[in-house]
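Structure below is upload30.txt: compact mmCIF, C-alpha atoms.
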```
# COMPACT_ATOMS: atom_id res chain seq x y z
CA MET A 1 0.00 0.00 0.00
CA ASN A 2 1.25 3.48 -0.65
CA LYS A 3 3.06 5.47 1.99
CA LEU A 4 0.68 8.41 2.01
CA ALA A 5 -2.30 6.13 2.74
CA ASP A 6 -0.28 4.36 5.43
CA TYR A 7 0.55 7.65 7.09
CA ALA A 8 -3.04 8.86 6.88
CA LEU A 9 -4.12 5.58 8.49
CA HIS A 10 -1.59 6.14 11.27
CA LEU A 11 -2.98 9.65 11.91
CA ALA A 12 -6.52 8.28 11.91
CA ASP A 13 -5.65 5.43 14.28
CA ASN A 14 -3.90 7.86 16.65
CA ALA A 15 -7.00 10.03 16.79
CA LEU A 16 -9.46 7.16 17.15
CA ILE A 17 -7.54 5.26 19.84
CA LEU A 18 -6.90 8.32 22.02
CA GLY A 19 -10.48 9.45 21.44
CA GLN A 20 -11.74 6.05 22.60
CA ARG A 21 -9.38 5.98 25.59
CA ASN A 22 -10.30 9.46 26.79
CA ALA A 23 -13.99 8.72 26.32
CA GLU A 24 -13.65 6.29 29.24
CA TRP A 25 -13.88 9.38 31.44
CA CYS A 26 -17.35 10.15 30.13
CA GLY A 27 -19.64 9.96 33.14
CA HIS A 28 -16.65 9.36 35.46
CA GLY A 29 -14.77 12.67 35.24
CA PRO A 30 -13.31 14.16 38.43
CA ILE A 31 -15.78 17.06 38.13
CA LEU A 32 -18.66 17.74 35.78
CA GLU A 33 -16.78 20.45 33.90
CA GLU A 34 -13.83 18.15 33.17
CA ASP A 35 -16.14 15.32 32.21
CA LEU A 36 -17.59 17.53 29.49
CA ALA A 37 -14.17 18.85 28.45
CA LEU A 38 -12.72 15.37 27.94
CA ALA A 39 -15.81 14.17 26.08
CA ASN A 40 -15.46 17.24 23.84
CA HIS A 41 -11.85 16.35 23.10
CA SER A 42 -12.81 12.78 22.30
CA LEU A 43 -15.44 13.97 19.87
CA ASP A 44 -12.88 16.27 18.20
CA LEU A 45 -10.48 13.34 17.85
CA ILE A 46 -13.10 10.92 16.57
CA GLY A 47 -14.18 13.60 14.08
CA GLN A 48 -10.60 13.85 12.84
CA ALA A 49 -10.39 10.07 12.63
CA ARG A 50 -13.55 9.91 10.52
CA LEU A 51 -12.25 12.44 7.99
CA LEU A 52 -8.94 10.61 7.77
CA TYR A 53 -10.52 7.14 7.44
CA GLN A 54 -12.80 8.39 4.67
CA TRP A 55 -9.76 9.70 2.86
CA VAL A 56 -7.80 6.46 3.41
CA ALA A 57 -10.75 4.49 2.01
CA GLN A 58 -10.70 6.75 -1.04
CA LEU A 59 -6.92 6.32 -1.49
CA ARG A 60 -7.19 2.56 -1.14
CA GLY A 61 -10.14 2.25 -3.49
CA ASP A 62 -10.65 -1.35 -2.34
CA GLY A 63 -14.15 -1.01 -0.96
CA SER A 64 -13.05 -0.17 2.59
CA THR A 65 -15.11 2.41 4.46
CA GLU A 66 -14.58 4.46 7.61
CA ASP A 67 -16.52 1.82 9.54
CA SER A 68 -14.63 -1.16 8.15
CA LEU A 69 -11.35 0.57 9.01
CA ALA A 70 -12.41 1.43 12.56
CA TYR A 71 -14.37 -1.68 13.50
CA PHE A 72 -13.19 -4.58 11.38
CA ARG A 73 -9.42 -4.48 11.60
CA ASP A 74 -7.47 -6.45 14.21
CA GLN A 75 -4.83 -4.89 16.40
CA GLN A 76 -1.87 -5.80 14.13
CA ALA A 77 -3.43 -3.58 11.45
CA PHE A 78 -3.63 -0.53 13.73
CA LEU A 79 -0.69 1.86 13.30
CA ASN A 80 -1.22 4.18 16.30
CA PHE A 81 1.52 5.13 18.75
CA THR A 82 1.58 2.77 21.74
CA LEU A 83 1.39 5.79 24.08
CA LEU A 84 -2.21 6.42 23.05
CA GLU A 85 -3.60 2.98 23.89
CA LEU A 86 -2.25 2.82 27.48
CA PRO A 87 -4.81 2.85 30.27
CA HIS A 88 -5.16 5.92 32.50
CA CYS A 89 -2.82 4.62 35.20
CA THR A 90 0.92 4.24 35.73
CA ALA A 91 2.93 1.02 35.78
CA LEU A 92 2.53 0.88 39.56
CA ALA A 93 -1.20 0.29 39.35
CA PRO A 94 -2.19 -3.27 40.31
CA SER A 95 -4.20 -3.75 37.12
CA ALA A 96 -5.26 -1.95 33.98
CA ARG A 97 -8.73 -1.78 35.50
CA ALA A 98 -7.34 0.03 38.55
CA GLU A 99 -8.63 3.44 39.44
CA ARG A 100 -7.77 5.94 36.73
CA ASP A 101 -5.26 8.66 37.48
CA TYR A 102 -6.09 12.00 35.93
CA ALA A 103 -2.41 12.99 35.91
CA VAL A 104 -1.75 10.21 33.37
CA THR A 105 -4.62 11.44 31.21
CA ILE A 106 -3.33 15.01 31.31
CA VAL A 107 0.34 14.18 30.73
CA ARG A 108 -0.49 11.93 27.78
CA ASN A 109 -2.77 14.61 26.27
CA PHE A 110 -0.03 17.16 26.86
CA PHE A 111 2.70 15.09 25.15
CA PHE A 112 0.50 14.14 22.22
CA SER A 113 -1.17 17.53 21.66
CA SER A 114 2.27 19.22 21.74
CA TYR A 115 3.37 16.77 19.05
CA MET A 116 0.23 17.18 16.95
CA LEU A 117 0.46 20.99 17.10
CA LEU A 118 3.79 20.65 15.27
CA VAL A 119 2.62 17.90 12.89
CA TRP A 120 -0.64 19.57 11.84
CA ASP A 121 1.24 22.83 11.40
CA VAL A 122 3.55 21.14 8.85
CA LEU A 123 0.72 19.21 7.19
CA GLN A 124 -1.55 22.21 6.66
CA ASN A 125 0.85 23.15 3.84
CA HIS A 126 0.87 19.66 2.33
CA GLU A 127 0.37 19.42 -1.44
CA GLN A 128 -2.55 17.00 -1.03
CA PRO A 129 -5.62 19.24 -0.59
CA GLN A 130 -7.54 16.68 1.54
CA LEU A 131 -4.65 16.36 3.96
CA SER A 132 -4.00 20.10 4.21
CA ALA A 133 -7.71 20.76 4.84
CA ILE A 134 -7.93 18.12 7.57
CA ALA A 135 -4.73 19.52 9.10
CA ALA A 136 -6.04 23.10 9.15
CA LYS A 137 -9.28 22.00 10.83
CA SER A 138 -7.50 19.77 13.34
CA LEU A 139 -4.93 22.41 14.21
CA LYS A 140 -7.66 24.64 15.69
CA GLU A 141 -8.94 21.75 17.80
CA VAL A 142 -5.54 20.61 19.01
CA ARG A 143 -4.58 24.14 20.07
CA TYR A 144 -7.40 23.98 22.56
CA HIS A 145 -6.51 20.45 23.67
CA TRP A 146 -2.98 21.67 24.29
CA GLN A 147 -4.13 24.66 26.35
CA HIS A 148 -6.34 22.41 28.42
CA ALA A 149 -3.57 19.90 29.12
CA ALA A 150 -0.85 22.51 29.76
CA ASP A 151 -3.13 24.41 32.11
CA TRP A 152 -3.83 21.31 34.19
CA LEU A 153 -0.21 20.17 34.17
CA ILE A 154 0.86 23.53 35.63
CA ARG A 155 -1.87 23.32 38.25
CA PHE A 156 -0.83 19.78 39.19
CA GLY A 157 2.90 20.53 39.30
CA ASP A 158 2.43 23.78 41.18
CA GLY A 159 -0.41 22.44 43.34
CA THR A 160 -0.32 20.16 46.38
CA SER A 161 2.49 17.69 47.05
CA GLU A 162 0.10 14.87 46.09
CA SER A 163 -0.74 16.44 42.71
CA HIS A 164 2.91 17.28 42.11
CA ASP A 165 4.03 13.70 42.81
CA ARG A 166 1.33 12.17 40.64
CA ALA A 167 2.17 14.51 37.75
CA GLN A 168 5.86 13.67 38.06
CA ALA A 169 5.11 9.92 38.19
CA ALA A 170 3.01 10.26 35.03
CA LEU A 171 5.80 12.17 33.26
CA ASP A 172 8.36 9.54 34.28
CA PHE A 173 6.09 6.71 33.19
CA LEU A 174 5.00 8.12 29.83
CA MET A 175 8.14 9.90 28.62
CA PRO A 176 9.83 6.73 27.22
CA TYR A 177 6.79 6.13 25.01
CA THR A 178 7.34 9.48 23.26
CA GLN A 179 10.44 8.06 21.58
CA GLU A 180 8.09 6.49 19.09
CA PHE A 181 7.20 10.00 17.83
CA TRP A 182 10.65 10.34 16.33
CA CYS A 183 11.29 6.95 14.78
CA ASP A 184 11.83 7.08 11.04
CA TRP A 185 9.45 4.48 9.68
CA PRO A 186 8.93 4.66 5.90
CA ALA A 187 5.43 6.21 5.79
CA ALA A 188 6.32 8.94 8.32
CA LYS A 189 9.59 9.71 6.56
CA HIS A 190 7.66 10.16 3.33
CA VAL A 191 5.33 12.79 4.82
CA LEU A 192 7.48 14.29 7.61
CA PRO A 193 11.06 14.13 6.38
CA ASP A 194 12.57 16.19 9.20
CA THR A 195 11.66 14.53 12.50
CA ALA A 196 14.87 15.78 14.15
CA THR A 197 13.69 19.41 13.90
CA LEU A 198 10.25 18.44 15.17
CA ASN A 199 11.89 16.64 18.08
CA ASN A 200 13.90 19.75 19.04
CA LYS A 201 10.85 22.02 18.82
CA TRP A 202 8.78 19.58 20.84
CA THR A 203 11.39 19.29 23.59
CA LEU A 204 11.55 23.09 23.93
CA MET A 205 7.79 23.49 23.90
CA VAL A 206 7.19 20.73 26.43
CA GLY A 207 10.16 21.82 28.56
CA ASP A 208 8.82 25.38 28.97
CA VAL A 209 5.53 24.21 30.44
CA ILE A 210 7.14 21.56 32.62
CA LYS A 211 9.50 24.17 34.02
CA GLU A 212 6.60 26.49 34.79
CA ALA A 213 4.87 23.56 36.48
CA GLN A 214 8.01 23.06 38.64
CA LEU A 215 8.28 19.51 37.37
CA HIS A 216 11.19 17.67 35.85
CA LEU A 217 11.29 16.38 32.27
CA PRO A 218 12.88 12.93 32.44
CA ASP A 219 15.10 11.51 29.72
CA ALA A 220 13.39 9.51 27.04
CA SER A 221 15.29 6.26 27.05
CA GLY A 222 14.82 2.50 27.12
CA TYR A 223 12.70 0.31 24.88
CA VAL A 224 11.21 2.10 21.86
CA THR A 225 7.64 0.93 21.38
CA GLN A 226 6.51 -0.32 17.96
CA GLY A 227 2.87 0.66 17.65
CA VAL A 228 3.41 2.23 14.23
CA HIS A 229 4.44 -1.24 13.01
CA GLY A 230 1.31 -2.85 14.44
CA ILE A 231 3.08 -4.27 17.48
CA HIS A 232 1.00 -3.14 20.45
CA SER A 233 0.87 -3.41 24.23
CA GLU A 234 -1.36 -5.90 26.02
CA HIS A 235 -3.88 -3.10 26.61
CA MET A 236 -4.72 -2.65 22.95
CA SER A 237 -6.85 -5.75 22.48
CA TYR A 238 -9.05 -4.85 25.46
CA LEU A 239 -9.58 -1.36 24.10
CA LEU A 240 -10.48 -2.75 20.67
CA ALA A 241 -12.84 -5.30 22.25
CA ASP A 242 -14.70 -2.47 23.97
CA MET A 243 -14.79 -0.40 20.83
CA GLN A 244 -15.46 -3.04 18.18
CA SER A 245 -17.58 -5.76 19.77
CA LEU A 246 -20.94 -4.11 19.13
CA ALA A 247 -20.20 -3.42 15.47
CA ARG A 248 -18.92 -6.96 14.99
CA GLN A 249 -21.89 -8.62 16.67
CA HIS A 250 -24.34 -6.56 14.66
CA PRO A 251 -22.63 -5.72 11.37
CA GLY A 252 -24.35 -2.91 9.54
CA ALA A 253 -26.54 -2.05 12.54
CA GLN A 254 -27.86 1.50 12.53
CA TRP A 255 -29.32 3.78 15.17
CA MET B 1 -3.14 28.70 43.33
CA SER B 2 -6.81 27.79 43.64
CA GLN B 3 -9.06 30.01 45.71
CA GLU B 4 -10.75 27.27 47.68
CA THR B 5 -13.78 27.89 49.80
CA GLY B 6 -14.16 26.40 53.27
CA GLN B 7 -15.46 22.99 52.22
CA GLY B 8 -12.61 22.25 49.81
CA GLU B 9 -14.93 23.21 46.95
CA TRP B 10 -13.98 25.54 44.18
CA PRO B 11 -15.79 28.89 44.09
CA LEU B 12 -18.84 29.37 41.93
CA TRP B 13 -18.78 31.51 38.78
CA GLU B 14 -21.64 32.97 36.76
CA VAL B 15 -21.28 32.55 33.01
CA PHE B 16 -22.46 35.06 30.39
CA VAL B 17 -22.36 34.21 26.69
CA ARG B 18 -22.84 36.46 23.70
CA SER B 19 -24.41 34.62 20.78
CA LYS B 20 -23.61 35.27 17.13
CA GLN B 21 -26.74 37.33 16.57
CA GLY B 22 -26.88 38.75 20.07
CA ILE B 23 -25.59 42.17 20.93
CA GLU B 24 -25.32 41.60 24.67
CA HIS B 25 -23.90 38.88 26.89
CA LYS B 26 -26.68 36.83 28.45
CA HIS B 27 -26.54 34.87 31.66
CA CYS B 28 -26.61 31.18 30.82
CA GLY B 29 -25.62 29.39 34.03
CA SER B 30 -22.90 28.82 36.55
CA LEU B 31 -20.01 26.47 37.23
CA HIS B 32 -17.28 25.69 39.75
CA ALA B 33 -13.66 26.56 38.93
CA ALA B 34 -10.46 27.31 40.80
CA ASP B 35 -9.88 30.71 39.17
CA ALA B 36 -11.13 33.03 36.46
CA GLN B 37 -9.03 31.61 33.62
CA GLN B 38 -10.13 28.08 34.39
CA ALA B 39 -13.73 29.22 34.69
CA LEU B 40 -13.48 30.72 31.19
CA ARG B 41 -12.07 27.51 29.77
CA MET B 42 -14.68 25.37 31.45
CA ALA B 43 -17.46 27.70 30.33
CA ARG B 44 -16.31 27.06 26.78
CA ASP B 45 -16.81 23.33 27.25
CA VAL B 46 -19.99 23.46 29.29
CA TYR B 47 -21.92 26.29 27.61
CA THR B 48 -20.66 26.75 24.03
CA ARG B 49 -20.53 23.17 22.74
CA ARG B 50 -23.35 23.77 20.29
CA GLN B 51 -21.90 26.93 18.78
CA GLU B 52 -23.94 29.10 21.12
CA GLY B 53 -21.39 31.83 21.53
CA VAL B 54 -18.72 34.11 20.17
CA SER B 55 -17.72 35.65 23.51
CA ILE B 56 -17.77 34.56 27.15
CA TRP B 57 -17.70 36.48 30.43
CA VAL B 58 -17.33 34.90 33.85
CA ILE B 59 -17.72 36.65 37.18
CA PRO B 60 -17.47 35.28 40.71
CA SER B 61 -20.98 34.54 41.97
CA ALA B 62 -19.93 36.04 45.29
CA ALA B 63 -19.50 39.41 43.56
CA ILE B 64 -23.22 39.61 42.80
CA THR B 65 -25.40 41.50 45.26
CA ALA B 66 -28.97 40.34 44.78
CA SER B 67 -32.23 41.93 45.82
CA ASP B 68 -34.19 40.16 48.55
CA PRO B 69 -37.23 38.29 47.18
CA ALA B 70 -39.14 39.44 50.28
CA ASP B 71 -38.75 43.03 49.09
CA LYS B 72 -40.40 42.22 45.78
CA GLU B 73 -43.65 44.07 46.47
CA SER B 74 -42.10 47.26 47.71
CA LEU B 75 -39.45 47.29 45.00
CA PHE B 76 -41.47 46.46 41.93
CA ASP B 77 -45.19 46.89 42.50
CA PRO B 78 -45.12 50.70 42.57
CA ALA B 79 -44.13 50.69 38.87
CA LYS B 80 -47.33 48.86 37.90
CA ASP B 81 -49.59 51.87 37.46
CA LYS B 82 -47.08 54.09 35.68
CA VAL B 83 -47.62 53.07 32.06
CA TYR B 84 -46.44 56.50 30.90
CA ARG B 85 -42.89 55.28 31.62
CA HIS B 86 -43.08 52.99 28.61
CA PRO B 87 -42.18 54.89 25.44
CA THR B 88 -45.03 53.22 23.58
CA PHE B 89 -46.61 56.55 22.63
CA PHE B 90 -43.83 57.35 20.13
CA VAL B 91 -43.41 56.23 16.55
CA ILE B 92 -39.78 55.22 15.96
CA PRO B 93 -38.49 56.19 12.50
CA ASP B 94 -37.10 53.25 10.49
CA GLU B 95 -33.68 54.91 10.22
CA VAL B 96 -33.16 54.56 13.95
CA GLY B 97 -33.01 50.77 13.70
CA HIS B 98 -32.70 48.60 16.78
CA MET B 99 -33.20 50.29 20.14
```
Show me the file's structure as structure tokens.
Amino acid sequence: MNKLADYALHLADNALILGQRNAEWCGHGPILEEDLALANHSLDLIGQARLLYQWVAQLRGDGSTEDSLAYFRDQQAFLNFTLLELPHCTALAPSARAERDYAVTIVRNFFFSSYMLLVWDVLQNHEQPQLSAIAAKSLKEVRYHWQHAADWLIRFGDGTSESHDRAQAALDFLMPYTQEFWCDWPAAKHVLPDTATLNNKWTLMVGDVIKEAQLHLPDASGYVTQGVHGIHSEHMSYLLADMQSLARQHPGAQW
Amino acid sequence: MSQETGQGEWPLWEVFVRSKQGIEHKHCGSLHAADAQQALRMARDVYTRRQEGVSIWVIPSAAITASDPADKESLFDPAKDKVYRHPTFFVIPDEVGHM
């Protein structure tokens, strides 16, 4: 399959998987206002995913649709970053079903929205009109997601000792997963040739907020996850089961 | 940094939204937030999800001084028999537009 379609699929999978993950807070948010905010973000992300899947289906021209791409692929076919499929808790939690930690949610949103601000900014000038249009629309949404996450991260870091410690634990836990942002896999290299510059910009942007939050940005080191190659964590299949089971049990069902 | 009230709850804010067609900000509800900036951000998510607004104001609910409902009769009833205070006896020229 061509590299552009692969990359578009990766962008779509990123948006869908994080949208699905964050939607777990719907009805369970720490306060009503945050519940609505997170659900809003999820709807933005799922909206982006839909546009991208429709475009991928068009590029493929093999009869796939947005629904077949979202609901009828298995985890090996998903090309999202591993970071986005992780549950809302750190490695110390006894199980993936353990109580969610909002610091993990916020730090992940902060890392990813910082990254997407840079990516959409590059892609809004892409020669493919569909991609540049989706990028321009998504850029407006992700600016708000970034503000939301940065605002909370500063409040956590500069808040109580409990909120500070949880925010730092989330940074320490999630930072190694951001290495996947910068790996040069063929489809990404085709669309974003200069990941080194993006990496530098991202580190500065993220570092400024983390400094203001009086937190510490850990080194990104250790195992580099392989989500973009379809190799996922053990959490992915559970997320897909939640998301896909209804559509698979009742194919073609409509509201 | 949060201005907590006694019970560990965040203070209440009143939200005013100006709609696309509207010329004034209208009161649309209230919410809890730690400070004004956060209240503004939350108001965006709670009250403008359906494209209701182009501008938002928030003010601390505590800053509002309200009239006492028990004073209703003495405050408002005396205006009842003074219809001449309504400018309904004038014809407004078209050029004036909205008043």
Check: which chain B residues lie within 12 Å of chain A using only C-alpha atoms, as a PyMOL selection string: chain B and resi 1-3+9-10+30-35+37-50
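Here atom CA of Glu52 of chain B and atom CA of Lys20 of chain B stand 7.4 Å from one another.
Note that atom CA of Leu192 of chain A and atom CA of Ser221 of chain A are 22.4 Å apart.
Across the model, the gap from atom CA of Leu51 of chain A to atom CA of Ser132 of chain A is 11.9 Å.
For the residues A:Ala8, A:Leu240, A:Met205, A:Ala149, ranking by smallest atom-to-atom distance to Leu123 of chain A using all atoms listed in the file places A:Ala8 first.
Using only C-alpha atoms, the shortest contact distance between His10 of chain A and any of A:Leu153, A:Asp121, A:Pro186, A:Asn22 is found at A:Pro186.
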Pick from A:His250, A:Phe78, A:Leu4, A:Pro30, whichever lies nearest to His126 of chain A using all atoms listed in the file: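 The shortest atom-to-atom distance to His126 of chain A comes from A:Leu4.
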Option closest in space to Ala36 of chain B, from B:Val54, B:Val15, B:Ile23, B:Ile59 [counting only C-alpha atoms]: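 Nearest candidate to Ala36 of chain B out of B:Val54, B:Val15, B:Ile23, B:Ile59: B:Ile59.
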Could you please give me, as a compact mmCIF listing (two decimals) with C-alpha atoms, in the coordinates of the input, the residues of protein, DNA or RNA lying at most 7 Å from (-25.7, 32.3, 27.3) in the coordinate frame of the file, considering all atoms listed in the file?
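File out.txt, as written:
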```txt
# COMPACT_ATOMS: atom_id res chain seq x y z
CA PHE B 16 -22.46 35.06 30.39
CA VAL B 17 -22.36 34.21 26.69
CA ARG B 18 -22.84 36.46 23.70
CA HIS B 25 -23.90 38.88 26.89
CA LYS B 26 -26.68 36.83 28.45
CA HIS B 27 -26.54 34.87 31.66
CA CYS B 28 -26.61 31.18 30.82
```
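Nearest-residue note for Met116 of chain A: choosing from A:Leu79, A:Ala220, A:Asn14, A:Gln179, the minimum distance belongs to A:Asn14, counting all atoms listed in the file.
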Distance query Val191 of chain A at most 8 Å, only C-alpha atoms, self and fewer than 3 positions along chain excluded, as a PyMOL selection string: chain A and resi 4+7+187-188
Please produce an output containing C-alpha atoms for each residue in the selection, written as a PDB file, keeping the file's coordinate frame.
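Here's the written file part.pdb:
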```
ATOM      1  CA  LEU A   4       0.680   8.410   2.010  1.00  0.00           C
ATOM      2  CA  TYR A   7       0.550   7.650   7.090  1.00  0.00           C
ATOM      3  CA  ALA A 187       5.430   6.210   5.790  1.00  0.00           C
ATOM      4  CA  ALA A 188       6.320   8.940   8.320  1.00  0.00           C
TER       5      ALA A 188
END
```
Nearest-residue call for Asn200 of chain A, choices A:Leu174, A:Ile231, A:Tyr115, A:Gln128, using all atoms listed in the file: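 When distances to Asn200 of chain A are compared using all atoms listed in the file, the smallest one comes from A:Tyr115.
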Export C-alpha atoms of segment 132-196 of chain A from the structure just given, as a tab-separated table (two decimals), in the first residue's frame?
```
chain	number	residue	atom	x	y	z
A	132	SER	CA	-4.00	20.10	4.21
A	133	ALA	CA	-7.71	20.76	4.84
A	134	ILE	CA	-7.93	18.12	7.57
A	135	ALA	CA	-4.73	19.52	9.10
A	136	ALA	CA	-6.04	23.10	9.15
A	137	LYS	CA	-9.28	22.00	10.83
A	138	SER	CA	-7.50	19.77	13.34
A	139	LEU	CA	-4.93	22.41	14.21
A	140	LYS	CA	-7.66	24.64	15.69
A	141	GLU	CA	-8.94	21.75	17.80
A	142	VAL	CA	-5.54	20.61	19.01
A	143	ARG	CA	-4.58	24.14	20.07
A	144	TYR	CA	-7.40	23.98	22.56
A	145	HIS	CA	-6.51	20.45	23.67
A	146	TRP	CA	-2.98	21.67	24.29
A	147	GLN	CA	-4.13	24.66	26.35
A	148	HIS	CA	-6.34	22.41	28.42
A	149	ALA	CA	-3.57	19.90	29.12
A	150	ALA	CA	-0.85	22.51	29.76
A	151	ASP	CA	-3.13	24.41	32.11
A	152	TRP	CA	-3.83	21.31	34.19
A	153	LEU	CA	-0.21	20.17	34.17
A	154	ILE	CA	0.86	23.53	35.63
A	155	ARG	CA	-1.87	23.32	38.25
A	156	PHE	CA	-0.83	19.78	39.19
A	157	GLY	CA	2.90	20.53	39.30
A	158	ASP	CA	2.43	23.78	41.18
A	159	GLY	CA	-0.41	22.44	43.34
A	160	THR	CA	-0.32	20.16	46.38
A	161	SER	CA	2.49	17.69	47.05
A	162	GLU	CA	0.10	14.87	46.09
A	163	SER	CA	-0.74	16.44	42.71
A	164	HIS	CA	2.91	17.28	42.11
A	165	ASP	CA	4.03	13.70	42.81
A	166	ARG	CA	1.33	12.17	40.64
A	167	ALA	CA	2.17	14.51	37.75
A	168	GLN	CA	5.86	13.67	38.06
A	169	ALA	CA	5.11	9.92	38.19
A	170	ALA	CA	3.01	10.26	35.03
A	171	LEU	CA	5.80	12.17	33.26
A	172	ASP	CA	8.36	9.54	34.28
A	173	PHE	CA	6.09	6.71	33.19
A	174	LEU	CA	5.00	8.12	29.83
A	175	MET	CA	8.14	9.90	28.62
A	176	PRO	CA	9.83	6.73	27.22
A	177	TYR	CA	6.79	6.13	25.01
A	178	THR	CA	7.34	9.48	23.26
A	179	GLN	CA	10.44	8.06	21.58
A	180	GLU	CA	8.09	6.49	19.09
A	181	PHE	CA	7.20	10.00	17.83
A	182	TRP	CA	10.65	10.34	16.33
A	183	CYS	CA	11.29	6.95	14.78
A	184	ASP	CA	11.83	7.08	11.04
A	185	TRP	CA	9.45	4.48	9.68
A	186	PRO	CA	8.93	4.66	5.90
A	187	ALA	CA	5.43	6.21	5.79
A	188	ALA	CA	6.32	8.94	8.32
A	189	LYS	CA	9.59	9.71	6.56
A	190	HIS	CA	7.66	10.16	3.33
A	191	VAL	CA	5.33	12.79	4.82
A	192	LEU	CA	7.48	14.29	7.61
A	193	PRO	CA	11.06	14.13	6.38
A	194	ASP	CA	12.57	16.19	9.20
A	195	THR	CA	11.66	14.53	12.50
A	196	ALA	CA	14.87	15.78	14.15
```
